[in-house]
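Since the structure comes first, as C-alpha cells, the remarks are kept for the end.
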Amino acid sequence: MEPLDRLDRPLRDLRISVTDRCNFRCLYCMPREVFGRDFQFLERAELLTFEEIARLARLFVAAGVRKLRLTGGEPLVRRDLPALVALLAEIPGVEDLTLTTNGSLLARLAAPLAAAGLRRITVSLDSLDDATFRRMNDVDFPVTRVLEGIEAAEAVGLAPIKINMVVRRGLNEASVLPMARYFRERGFILRFIEYMDVGHTNGWRMEDVVPAAEIVATIDAEMPLEALPPNYPGEVADRWRYRDRSGEIGVIASVTQPFCGACTRARLSAEGLLFTCLFGVRGHDLRAPLRAGATDEELGERIAALWRGRSDRYSELRSAATISLPKVEMSHIGG
Ligand SMILES: C[S@@+](CC[C@H](N)C(=O)[O-])C[C@H]1O[C@@H](n2cnc3c(N)ncnc32)[C@H](O)[C@@H]1O
Ligand code: SF4
C-alpha cells in the first residue's frame, strides 16, 4: 500500500543527490567562506554506491514515487554518472527520469546521459551576462560553455529542456528580461526561483528576495503573460504563457507563496539520509540499515513509516520562530 503522510499527501517525487561536491561556488548556495579548501566533503565510502541508490529507488517507486531527479552538489561531477542513469532507467514504474545540473560539463556528457536513458534535463543558469554569471558562480566560469552544454542537450533530444534562474536582489535582477527573451526565442521553459533561506551559510535576508509577482510583472510589461493551470497537482512552479503563444515561463515562489500543501517530494542525500522537507532539520538514515543487511521488505517498511510520520510544512510556517532553526544545506540535498 502506498503510504500517505499526516496531511494526506502521497509520495510521488524523489530527488537523489549523488554528491555533495560542486565545481561552482554559487554565492547563494556554496559560498566560498564556508565551502573553502578546508571544508570536509563526504568521503567516497560514505556515498551510496550506484547499486545502493538503484535499490533504494526501486523501493521508493514501490512506495508511490513516479518521478526521479538526480541532483547534487553538481551531479555531473560524480564519476560514471551515465551508469547510474542506466540502472534507474530500467526500473518499472518510473514515469519521469531527469537531472538538474549547472551545465558546465554537459557539452561532454549530454550524449552518454541520453544514451543511458535520461529523458530530459534542467539546467540552472542565473544570467546571460558573462560578468554577472562569473560573479555568481564565483569560479569565473564563462556563460558560453553553459550555453554550449544546453545546445548539446538539445541536439541529443533531452527535451523539454528547462532552465532555472535564481533571482537575487542586487545581483542578477537585470538579467530577468534578457533571459526571458533569449529562452522564449529558443522555445525553452525558463523558471524563476525566489532566493530561499536554505541552509545557514548564505546569509539570507528577506530584502534579497525578488518576489515572483515582481518578476512576472517585469516580464508582462514587455511581453504580456497570462496564467496557466498546473500540469499536475503539487507542481511547484506557477505557469505563465506569453499571450502571443510563443512559449511559457514558470515562477517558483517558495518564499512568498509557499506550496507545502501539495508537496509530494522526498530527498535522498548522497550518503543515504532521507529528508522529507527541503527545510528538514535532520535526515533519516537509510544507509545504516541498507549496509547492515536489511531486506527489501524491511527497508520498504522504513521508507513507508517515515513518510507516514511526515507533517512538514516549513515554508508555510516560516516565521521569526522557524528562521533560526537548524536546516540542511541546499548543496547537500540538491534543491
Ligand atoms: C543545489 S542545485 C544542485 C544541482 C546543480 N548543481 C545545479 O546548480 O543545478 C539545485 C538548484 O537549487 C538552486 N538553489 C541553490 N541555492 C538556492 C537558494 N538559496 N535559493 C533558491 N534556489 C537555490 C540552484 O540554483 C539550482 O537550480
Ligand atoms: S547551485 Fe548547483 S552549481 Fe551552484 S553551488 Fe549549488 S550545487 Fe553548485
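To be explicit about the labels: the chains of the C-alpha cells are called A, B, and onward in the order shown, and within each one the residues are counted from 1, while ligands get numbers from 1 in the order they are shown.
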Exercise. Check stretch 80-321 of chain A with DSSP on the backbone and list each residue it calls helix (DSSP H, G or I), as JSON, numbers by chain.
Key: {"A": [81, 82, 83, 84, 85, 86, 87, 88, 89, 106, 107, 108, 109, 110, 111, 112, 113, 114, 115, 116, 130, 131, 132, 133, 134, 135, 136, 137, 143, 144, 145, 146, 147, 148, 149, 150, 151, 152, 153, 154, 155, 173, 174, 175, 176, 177, 178, 179, 180, 181, 182, 183, 184, 185, 186, 206, 207, 208, 212, 213, 214, 215, 216, 217, 218, 219, 220, 221, 222, 260, 261, 262, 287, 288, 289, 290, 291, 296, 297, 298, 299, 300, 301, 302, 303, 304, 305, 306, 307, 308, 314, 315, 316, 317, 320, 321]}
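The neighbours of stretch 263-274 of chain A here are the residues that come within 7 Å of it, using only C-alpha atoms and leaving out any residue fewer than 6 positions away in the same chain; they are A:Arg9, A:Pro10, A:Leu11, A:Arg12, A:Asp13, A:Leu14, A:Arg15, A:Ile16, A:Ser17, A:Val18, A:Thr19, A:Asp20, A:Glu46, A:Leu47, A:Leu48, A:Gly234, A:Gly283, A:His284, A:Asp285, A:Leu286, A:Arg287, A:His332, A:Ile333.
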I need the chosen residues saved as a compact mmCIF listing (two decimals), in the first residue's frame, with C-alpha atoms.
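The file below, again_33.txt, is the result:
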```txt
# COMPACT_ATOMS: atom_id res chain seq x y z
CA ARG A 9 -0.01 13.73 0.83
CA PRO A 10 1.25 10.79 -1.26
CA LEU A 11 4.94 10.24 -2.07
CA ARG A 12 5.48 10.90 -5.78
CA ASP A 13 8.85 12.52 -6.39
CA LEU A 14 12.29 11.56 -5.24
CA ARG A 15 15.31 13.79 -5.61
CA ILE A 16 18.51 11.86 -5.37
CA SER A 17 21.67 13.74 -4.56
CA VAL A 18 24.66 11.85 -5.94
CA THR A 19 27.40 14.05 -4.49
CA ASP A 20 27.81 16.95 -2.09
CA GLU A 46 30.25 7.36 2.72
CA LEU A 47 28.47 7.87 -0.59
CA LEU A 48 25.79 5.42 -1.59
CA GLY A 234 1.70 19.50 -6.50
CA GLY A 283 17.66 13.29 7.76
CA HIS A 284 16.71 9.72 8.47
CA ASP A 285 19.49 7.25 7.85
CA LEU A 286 18.71 4.60 5.24
CA ARG A 287 22.32 3.65 4.59
CA HIS A 332 23.68 18.67 0.47
CA ILE A 333 20.25 17.68 -0.75
```
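Restricting the calculation to only C-alpha atoms, the smallest distance between A:Arg168 and any of A:Asn231, A:Asn102, A:Thr132, A:Ser331 is found for A:Thr132.
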Quiz prompt | stretch 29-269 of chain A: residues DSSP assigns to strand (DSSP E or B), reported as JSON, numbers by chain | solution = {"A": [67, 68, 69, 70, 71, 96, 97, 98, 99, 100, 101, 122, 123, 124, 162, 163, 164, 165, 166, 167, 168, 189, 190, 191, 192, 193, 194, 209, 225, 226, 227, 228, 238, 239, 240, 241, 242, 248, 249, 250, 251, 252, 265, 266, 267, 268]}
Self-check item: A:Ala237, A:Ile150, A:Ala294, A:Leu177 ranked by distance to A:Ala221, top pick (using only C-alpha atoms)
Solution: A:Leu177
Exercise. Could you report the residues within 8 Å of ligand 2, using only C-alpha atoms and all ligand atoms, as a ChimeraX atom specification?
Key: /A:20-31,72-74,101-102,124,137,330-331,334
Could those selected residues go to a file with C-alpha atoms, as a PDB file, in the first residue's frame?
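Resulting contents of part-v6.pdb:
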```pdb
ATOM      1  CA  ASP A  20      27.813  16.951  -2.092  1.00  0.00           C
ATOM      2  CA  ARG A  21      30.649  18.363  -4.210  1.00  0.00           C
ATOM      3  CA  CYS A  22      30.423  21.012  -6.866  1.00  0.00           C
ATOM      4  CA  ASN A  23      32.744  22.737  -9.295  1.00  0.00           C
ATOM      5  CA  PHE A  24      30.875  26.042  -8.755  1.00  0.00           C
ATOM      6  CA  ARG A  25      30.665  28.189  -5.643  1.00  0.00           C
ATOM      7  CA  CYS A  26      27.373  29.963  -6.302  1.00  0.00           C
ATOM      8  CA  LEU A  27      27.107  32.789  -3.816  1.00  0.00           C
ATOM      9  CA  TYR A  28      23.649  31.764  -2.637  1.00  0.00           C
ATOM     10  CA  CYS A  29      24.407  28.054  -2.321  1.00  0.00           C
ATOM     11  CA  MET A  30      28.060  27.242  -1.544  1.00  0.00           C
ATOM     12  CA  PRO A  31      29.710  30.481  -0.505  1.00  0.00           C
ATOM     13  CA  GLY A  72      23.775  17.319  -6.003  1.00  0.00           C
ATOM     14  CA  GLY A  73      26.053  19.244  -5.435  1.00  0.00           C
ATOM     15  CA  GLU A  74      26.753  19.031  -9.108  1.00  0.00           C
ATOM     16  CA  THR A 101      22.798  20.470 -13.454  1.00  0.00           C
ATOM     17  CA  ASN A 102      24.781  23.674 -13.638  1.00  0.00           C
ATOM     18  CA  SER A 124      20.499  26.179 -13.758  1.00  0.00           C
ATOM     19  CA  ASN A 137      29.252  31.057  -9.851  1.00  0.00           C
ATOM     20  CA  MET A 330      20.918  23.069  -0.374  1.00  0.00           C
ATOM     21  CA  SER A 331      24.170  21.698  -1.751  1.00  0.00           C
ATOM     22  CA  GLY A 334      20.098  19.283  -4.124  1.00  0.00           C
TER      23      GLY A 334
END
```
Self-check item: Contacts of A:Ser127 within 12 Å, only C-alpha atoms, excl. fewer than 5 positions in-chain, as a PyMOL selection string
Solution: chain A and resi 132-137+141-144+146-147+163-168+171-180+182-183+190+192
Quiz item: If we count only C-alpha atoms, what is near A:Leu118 at a cut-off of 8 Å, once residues fewer than 3 positions away on the same chain are taken out, given as a list in words?
Solution: Val85, Ala86, Ala89, Leu97, Thr98, Leu99, Leu113, Ala114, Ala115, Ile121 and Leu158 of chain A
Store the residues picked out above, limited to N, CA and C atoms, as a PDB file, in the first residue's frame.
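The file below, result39.pdb, is the result:
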```
ATOM      1  N   VAL A  85      22.337   6.337 -14.339  1.00  0.00           N
ATOM      2  CA  VAL A  85      21.123   6.622 -15.117  1.00  0.00           C
ATOM      3  C   VAL A  85      20.610   5.333 -15.753  1.00  0.00           C
ATOM      4  N   ALA A  86      21.532   4.527 -16.273  1.00  0.00           N
ATOM      5  CA  ALA A  86      21.108   3.274 -16.921  1.00  0.00           C
ATOM      6  C   ALA A  86      20.404   2.360 -15.917  1.00  0.00           C
ATOM      7  N   ALA A  89      16.932   3.875 -15.227  1.00  0.00           N
ATOM      8  CA  ALA A  89      16.035   3.840 -16.388  1.00  0.00           C
ATOM      9  C   ALA A  89      15.353   2.483 -16.532  1.00  0.00           C
ATOM     10  N   LEU A  97      12.385  10.602 -15.607  1.00  0.00           N
ATOM     11  CA  LEU A  97      13.755  10.472 -15.102  1.00  0.00           C
ATOM     12  C   LEU A  97      14.538  11.665 -15.613  1.00  0.00           C
ATOM     13  N   THR A  98      14.952  12.524 -14.683  1.00  0.00           N
ATOM     14  CA  THR A  98      15.565  13.770 -15.113  1.00  0.00           C
ATOM     15  C   THR A  98      16.721  14.147 -14.191  1.00  0.00           C
ATOM     16  N   LEU A  99      17.304  15.280 -14.463  1.00  0.00           N
ATOM     17  CA  LEU A  99      18.526  15.668 -13.750  1.00  0.00           C
ATOM     18  C   LEU A  99      18.623  17.195 -13.732  1.00  0.00           C
ATOM     19  N   LEU A 113      24.572  10.551 -21.397  1.00  0.00           N
ATOM     20  CA  LEU A 113      23.422  10.525 -20.480  1.00  0.00           C
ATOM     21  C   LEU A 113      22.146  10.146 -21.227  1.00  0.00           C
ATOM     22  N   ALA A 114      21.966  10.722 -22.412  1.00  0.00           N
ATOM     23  CA  ALA A 114      20.772  10.404 -23.198  1.00  0.00           C
ATOM     24  C   ALA A 114      20.808   8.935 -23.608  1.00  0.00           C
ATOM     25  N   ALA A 115      21.990   8.470 -24.001  1.00  0.00           N
ATOM     26  CA  ALA A 115      22.115   7.067 -24.422  1.00  0.00           C
ATOM     27  C   ALA A 115      21.793   6.129 -23.261  1.00  0.00           C
ATOM     28  N   ILE A 121      16.145  17.247 -19.000  1.00  0.00           N
ATOM     29  CA  ILE A 121      17.177  17.863 -18.175  1.00  0.00           C
ATOM     30  C   ILE A 121      16.749  19.278 -17.774  1.00  0.00           C
ATOM     31  N   LEU A 158      17.311  15.688 -25.226  1.00  0.00           N
ATOM     32  CA  LEU A 158      16.938  15.709 -23.805  1.00  0.00           C
ATOM     33  C   LEU A 158      15.888  16.803 -23.587  1.00  0.00           C
TER      34      LEU A 158
END
```
Practice problem: Skip A:Leu56 itself and residues of its chain fewer than 2 positions away, then list as number ranges by chain all residues within 10 Å of it, counting only C-alpha atoms. | Solution: A: 48, 50-54, 58-62, 268, 272, 286-287, 290, 296, 299-300, 303
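Comparing A:Pro211, A:Pro229, A:Pro92, A:Pro112 by their smallest distance to ligand 1, the closest is A:Pro211 (using only C-alpha atoms and all ligand atoms).
If only C-alpha atoms and all ligand atoms are the atoms counted, then among A:Val156, A:Ile252, A:Ala57, A:Ala83 the closest residue to ligand 1 is A:Ile252.
What separates atom CA of A:Ser246 from atom CA of A:Glu148 is a distance of 23.1 Å.
Between ligand 1 and the candidates A:Arg6, A:Arg69, A:Arg302, A:Arg239, the tightest atom-to-atom separation, counting only C-alpha atoms and all ligand atoms, involves A:Arg69.
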Quiz prompt | Distance criterion (only C-alpha atoms and all ligand atoms): nearest to ligand 1 out of A:Arg32, A:Arg181, A:Arg241, A:Arg191 | solution = A:Arg191
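The two atoms in question, atom CA of A:Glu43 and atom CA of A:Arg108, are spaced 25.6 Å apart.
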Do a neighbour search on A:Leu7 at 10 Å with only C-alpha atoms, toss out local chain neighbours closer than 4 positions, and write the hits as a compact mmCIF listing (two decimals) with N, CA and C atoms, in the first residue's frame.
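Written out: part.txt:
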```txt
# COMPACT_ATOMS: atom_id res chain seq x y z
N CYS A 260 3.43 24.07 0.42
CA CYS A 260 3.63 22.81 1.13
C CYS A 260 2.42 21.88 1.04
N GLY A 261 1.23 22.47 0.91
CA GLY A 261 0.01 21.67 0.99
C GLY A 261 -0.03 20.53 0.00
N ALA A 262 0.62 20.72 -1.15
CA ALA A 262 0.57 19.69 -2.18
C ALA A 262 1.93 19.04 -2.38
N CYS A 263 2.82 19.16 -1.41
CA CYS A 263 4.18 18.67 -1.62
C CYS A 263 4.26 17.15 -1.50
N ARG A 308 4.79 8.18 6.42
CA ARG A 308 3.54 8.30 7.19
C ARG A 308 3.68 9.28 8.35
N GLY A 309 4.88 9.37 8.89
CA GLY A 309 5.08 10.24 10.05
C GLY A 309 5.31 11.69 9.67
N ARG A 310 5.32 11.98 8.38
CA ARG A 310 5.72 13.31 7.92
C ARG A 310 4.60 14.34 8.11
N SER A 311 4.98 15.48 8.69
CA SER A 311 3.98 16.54 8.80
C SER A 311 4.59 17.89 8.42
N ASP A 312 5.74 17.85 7.72
CA ASP A 312 6.46 19.09 7.42
C ASP A 312 5.63 20.04 6.56
N ARG A 313 5.69 21.29 6.92
CA ARG A 313 5.21 22.34 6.02
C ARG A 313 5.93 23.63 6.40
```
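Atom pair atom CA of A:Val139 / atom CA of A:Glu33 has a distance of 13.2 Å (rounded to one decimal).
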